[in-house]
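The structure appears below as structure tokens.
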Amino acid sequence: MSAARILVVDDESEIRGLLKEILADEGYEVDVAADAAEARVRRAQHDPDLVLLDIWMPDTDGITLLREWSQANGTSCPVVMMSGHGTVETAVEATRLGAFDFVEKPLSLAKLLRTVERALDSGRNRRQAGRTLVPTLIAPVGKSRAMHALREQVQQVAPHETPVLIIGEPGTGREAFARYIHSISPRSAGPFVQLVATGMTDDGAAAALHGTEDRGGVHAGLLEQAAGGVLFINGLEDLPQKAQGLLVAALETHTITRVGGAVPVKLNLRVISSATPRMLSDNGGTVRPELFSRLNIITLTVPPLRDYAQDVPDLLRYYVDRLVDEEHLPFRRFGVAAQNRLRNYPWPGNIRELKNLVQRLLILGGEEEIRLDEIERELASQAPTTEPLVKQDLLALPLREAREHFERAYLQQQLILCNGKVGQLAKRVGMERTHLYRKLRSLGVDFRQLAED
């Protein structure tokens, strides 16, 4: 069994050296980083089993770095925070972001080693639970025509080496489709390396992409780490201009030269990138034309959840099962009325919003059946202040047509919640029944068919 690898991140060289010496004497493989930028590179290079992360650093503090890792793709290994100026608020924030523990400086050697052992045990148990309880990757969920067609497209493009651009609103699951492409491609045995565009700067682009070479050895960059596999660019439109230029050169020559090195390194990778629909409508927007043309050879569009709302019940069940298995949350099930309400909700945050909703309801607990009134309260409390309630371009329509469009959608949704009973609908919407019948007929709403369904 290979030794566990620990990454120590601290801006004080004496502490880095001391911890490296102590942990190496205990039989661990140890990497060190002096700041957040170096920590990102080291973590990407070796995927450590544990990170010891100092909170107070001059460029980017440890809490900010932990938040970045948590928001990008979750903390893949336990993180223990270290600080000489700890406060309760800082410890609470670190725990909320996924930190395993919090130790104070000056460090107690015995306590530190016990914490390291417990954190490594926790990481091993979590990985084992992930292998035995939940499949590492399945095809994106959905029986709708839209999801079926998209899965077919993915299966067509996966065997090829061509770059793929995945377009979709935030939260639609673009990364999940990128991983699905990778998992069924000839490169599935190779790495899946993610480049989070918002986490890259012009100053750090060369080291992050090309890697570095110095007396301490070779430190592979993201392009080299993806050898034999896939580089996934998450948020192409947010990539700094310098990074874009470096990518163009690398894709043209199929080689890179590490920072501080002199010998070109050949590349062997496939590029999959993601972006929002706005970038495509702007014909690349802030993306260099030469990069856009190279990465936009095949485009896959992931629809917003409101466009395949019939899959919402399946998605609710999937995330309940997954969260119960992965996070040991109490099992709950969505009642029929609750499912119908959510099937007709516009989901401005898409799949991510649905998963978050399920997670909140399981954490908060309650009766086994999640009822309509609980859903109504939850949606009301989470209603965005800047998003339109119905994500449709009603402003592009004439006033009468826009009003009819809204009334039709509103009454159809309310009628479903009333199980097709017009009497209940009249009470719910505050209309006299005779007038309501006339309104439904004028809008072409077949309430008899809805009642049968």
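Going by the structure tokens order, chains are called A, B, ..., each with residues numbered from 1, while ligands are numbered from 1 in the order shown.
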
Sorted by chain and rising residue number, which residues of segment 152-247 of chain A lie within 9 Å of segment 288-303 of chain A, and what are their closest atom pairs and distances in Å to one decimal, counting only C-alpha atoms, as a tab-separated table?
```
residue	atom	partner	partner_atom	distance
A:Gln153	CA	A:Leu300	CA	7.6
A:Val154	CA	A:Leu300	CA	7.9
A:Val157	CA	A:Ile298	CA	8.1
A:Thr162	CA	A:Ile297	CA	7.2
A:Pro163	CA	A:Leu295	CA	5.4
A:Val164	CA	A:Ile298	CA	4.9
A:Leu165	CA	A:Thr299	CA	4.8
A:Ile166	CA	A:Leu300	CA	4.8
A:Ile167	CA	A:Thr301	CA	4.7
A:Gly168	CA	A:Val302	CA	5.0
A:Glu169	CA	A:Pro303	CA	7.8
A:Thr172	CA	A:Val302	CA	6.6
A:Gly173	CA	A:Val302	CA	7.6
A:Arg174	CA	A:Val302	CA	6.9
A:Phe177	CA	A:Val302	CA	8.5
A:Gln241	CA	A:Arg288	CA	7.8
A:Gln244	CA	A:Leu291	CA	6.9
A:Gly245	CA	A:Leu291	CA	7.9
A:Leu247	CA	A:Leu291	CA	7.5
```

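Take the candidates A:Gly204, A:Pro304, A:Gly171, A:Pro277 and check each one against Ala146 of chain A using only C-alpha atoms; the shortest distance goes to A:Pro304.
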
At a cut-off of 8 Å, using only C-alpha atoms, what residues contact segment 61-72 of chain A? Leave out same-chain residues fewer than 6 positions from it and give the result as a ChimeraX atom specification. /A:36,53-55,81,93-94,97-99,196,199
